[in-house]
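Input: a single structure, listed below in structure tokens.
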Amino acid sequence: MVSVQTTIGEFHFDNCLMNAAGVYCMTREELAAIEQSEAGSFVTKTGTFKERKGNPEPRYADTALGSINSMGLPNHGYRYYLDYVTELQEQPGSKPHFLSLVGLSPDETHKILKDVQASDYRGLVELNLSCPNVPGKPQIAYDFETTEQILKEVFTYYKKPLGIKLPPYFDIVHFDQAAHIFNQFPLTFVNCINSIGNGLIIEDEHVLIKPKNGFGGIGGDYVKPTALANVHAFYQRLKPSIQIIGTGGVKSGRDAFEHILCGASMVQLGTVLHQEGPEVFGRITAELKAIMTAKGYKNVADFRGKLRYFNN
Ligand code: DHB
């Protein structure tokens, strides 16, 4: 029997597939549906200090090749999600979870993380350094100085397992610089990638979403090559204790297989989960297992990071 189980830090997951933050994770009801699906875990919608309504609708659109969104960080506030994962962790058979968080300022981020540190929550935190959709706020992770400063401060008080959600980088020097910063910290994982920020999709003569005159984060088929490159670039550069979560353009078992080949220990589904719903985990798990069986791989560790190049 082939197995798709995996680990991140000290946590064991029966399935390496899960949702990507932002999809099927806004409410307890949506999160419960992922918990009950074949997914190995869930990550919550990124929680901010206070609840937010987000940007005006329409703020998400599916296209033939993927999706565009400018949600504007609508969420119920971090306590809503912290309470839910803390409650779930006490239930027998509960999966381990990821709590996605960020403040609208470094101060807010620290207030939130200090509260999580003081709480009973024992699971993983994903600090979102890559939200592209709050008007007037740049992505933290494109500012290396601020990123380093935030992480330096965070690890003075935060002692539970923590990883970061990254935007795509597009330059080899940026991979080098970012990895140099991340390697200085006891991160449990990095998650590559968030949507490709501020794309524009047009139908006839009109934009597809209302906020920012149509500009929004791009997901789906459009982003897979960029996602694979980021997963592999960080797999090559980060110390072995920092694992990689692969996100971007996964809609088949083959896509998940490619993320794992590039070095991903867990693979997240965004656009395809929005389009197909939680049943997608069963389909993609079966497709991934069929590929592994055909190739003689018994578990994901057998081929993780084993991407083959020319000349070696
Ligand atoms: C939103 C989008 C993101 O890509 C993200 O990381 C966080 C929030 C949003 O628009 O809600």
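How things are named: the first chain in the structure tokens is A, the next is B, and so on; residues count from 1 in each chain; ligands count from 1 in the order shown.
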
Contacts to ligand 1 at 8 Å cut-off (only C-alpha atoms and all ligand atoms) as a PyMOL selection string
chain A and resi 21-22+45-46+54-55+69-75+128-134+165+194-195+197+217

Could you give me, as an MDAnalysis selection string, the residues within 12 Å of stretch 275-286 of chain A, counting only C-alpha atoms and dropping anything in the same chain fewer than 4 positions from it?
chainID A and resid 2:5 14:20 23:25 30:42 60:67 219:220 250:257 267:271 290:293 300

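Minimum distance to A:Tyr297 across A:Lys152, A:Glu126, A:Phe175, A:Leu261 (counting only C-alpha atoms) occurs at A:Leu261.
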
Quick one: pull the distance between atom CA of A:Ile260 and atom CA of A:Arg304, Å, one decimal.
5.0 Å

Atom CA of A:Pro168 to atom CA of A:Leu200, straight-line distance in Å
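Computed distance, atom CA of A:Leu200 to atom CA of A:Pro168, equals 16.6 Å.
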
Pick out the closest residue to A:Gly9 from this set: A:Ala294, A:Val190, A:Val207, A:Ala141. Count only C-alpha atoms.
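For A:Gly9, the nearest of the given residues is A:Val190.
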
From the DSSP assignment of the backbone, select every residue of stretch 167-239 of chain A that is helix (DSSP H, G or I), and format the answer as an MDAnalysis selection string.
chainID A and resid 172:182 211:214 221:237

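Comparing the minimum interatomic distances between A:Gly214 and each of A:Arg59, A:Lys137, A:Ile8, A:Gln91, counting only C-alpha atoms, we find that A:Arg59 sits nearest.
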
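Relative to atom CA of A:Lys224, atom CA of A:Val102 is found at 25.1 Å.
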
Taking a cut-off of 9 Å and counting only C-alpha atoms, can you build a table that, for each residue of stretch 166-191 of chain A near stretch 227-245 of chain A, reports the nearest atom pair and how far apart they are in Å (one decimal), sorted by chain then residue number, as JSON lines?
{"residue": "A:Pro168", "atom": "CA", "partner": "A:Asn230", "partner_atom": "CA", "distance": 6.4}
{"residue": "A:Tyr169", "atom": "CA", "partner": "A:Asn230", "partner_atom": "CA", "distance": 6.8}
{"residue": "A:Phe170", "atom": "CA", "partner": "A:Asn230", "partner_atom": "CA", "distance": 8.3}
{"residue": "A:Ile172", "atom": "CA", "partner": "A:Ala233", "partner_atom": "CA", "distance": 8.3}
{"residue": "A:Phe175", "atom": "CA", "partner": "A:Ala233", "partner_atom": "CA", "distance": 6.6}
{"residue": "A:Asp176", "atom": "CA", "partner": "A:Arg237", "partner_atom": "CA", "distance": 7.4}
{"residue": "A:Ala178", "atom": "CA", "partner": "A:Phe234", "partner_atom": "CA", "distance": 8.8}
{"residue": "A:Ala179", "atom": "CA", "partner": "A:Leu238", "partner_atom": "CA", "distance": 6.0}
{"residue": "A:His180", "atom": "CA", "partner": "A:Leu238", "partner_atom": "CA", "distance": 8.0}
{"residue": "A:Phe182", "atom": "CA", "partner": "A:Leu238", "partner_atom": "CA", "distance": 7.5}
{"residue": "A:Asn183", "atom": "CA", "partner": "A:Leu238", "partner_atom": "CA", "distance": 6.0}
{"residue": "A:Pro186", "atom": "CA", "partner": "A:Ile242", "partner_atom": "CA", "distance": 7.7}
{"residue": "A:Leu187", "atom": "CA", "partner": "A:Ile242", "partner_atom": "CA", "distance": 5.9}
{"residue": "A:Thr188", "atom": "CA", "partner": "A:Ile242", "partner_atom": "CA", "distance": 5.0}
{"residue": "A:Phe189", "atom": "CA", "partner": "A:Gln243", "partner_atom": "CA", "distance": 4.4}
{"residue": "A:Val190", "atom": "CA", "partner": "A:Ile244", "partner_atom": "CA", "distance": 5.2}
{"residue": "A:Asn191", "atom": "CA", "partner": "A:Ile245", "partner_atom": "CA", "distance": 4.5}

Keeping only C-alpha atoms, write those residues as a PDB file, in the first residue's frame.
ATOM      1  CA  PRO A 168       6.610  34.376  -5.055  1.00  0.00           C
ATOM      2  CA  TYR A 169      10.086  35.722  -5.724  1.00  0.00           C
ATOM      3  CA  PHE A 170      11.272  36.080  -9.300  1.00  0.00           C
ATOM      4  CA  ILE A 172      17.800  34.344  -8.048  1.00  0.00           C
ATOM      5  CA  PHE A 175      15.960  33.693  -3.385  1.00  0.00           C
ATOM      6  CA  ASP A 176      19.506  33.971  -1.978  1.00  0.00           C
ATOM      7  CA  ALA A 178      15.459  35.698   1.485  1.00  0.00           C
ATOM      8  CA  ALA A 179      16.947  32.286   2.330  1.00  0.00           C
ATOM      9  CA  HIS A 180      19.872  33.952   4.098  1.00  0.00           C
ATOM     10  CA  PHE A 182      15.145  32.723   7.001  1.00  0.00           C
ATOM     11  CA  ASN A 183      18.118  30.483   7.841  1.00  0.00           C
ATOM     12  CA  PRO A 186      14.132  28.526  14.112  1.00  0.00           C
ATOM     13  CA  LEU A 187      11.321  28.454  11.545  1.00  0.00           C
ATOM     14  CA  THR A 188       9.469  25.144  11.252  1.00  0.00           C
ATOM     15  CA  PHE A 189       8.450  25.723   7.639  1.00  0.00           C
ATOM     16  CA  VAL A 190       8.107  28.174   4.793  1.00  0.00           C
ATOM     17  CA  ASN A 191       5.049  27.991   2.570  1.00  0.00           C
TER      18      ASN A 191
END

Here is a test: counting only C-alpha atoms, which residue of A:Leu124, A:Ile140, A:Leu113, A:Leu162 is nearest to A:Phe98?
A:Leu124

From the DSSP assignment of the backbone, select every residue of stretch 88-296 of chain A that is strand (DSSP E), and format the answer as a PyMOL selection string.
chain A and resi 98-101+124-128+162-166+189-192+196-200+202-203+206-207+215-220+243-247+264-269

Quick one: of A:Phe185, A:Phe11, A:Phe49, A:Phe303, who's nearest to A:Glu148, counting only C-alpha atoms?
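Closest candidate: A:Phe185.
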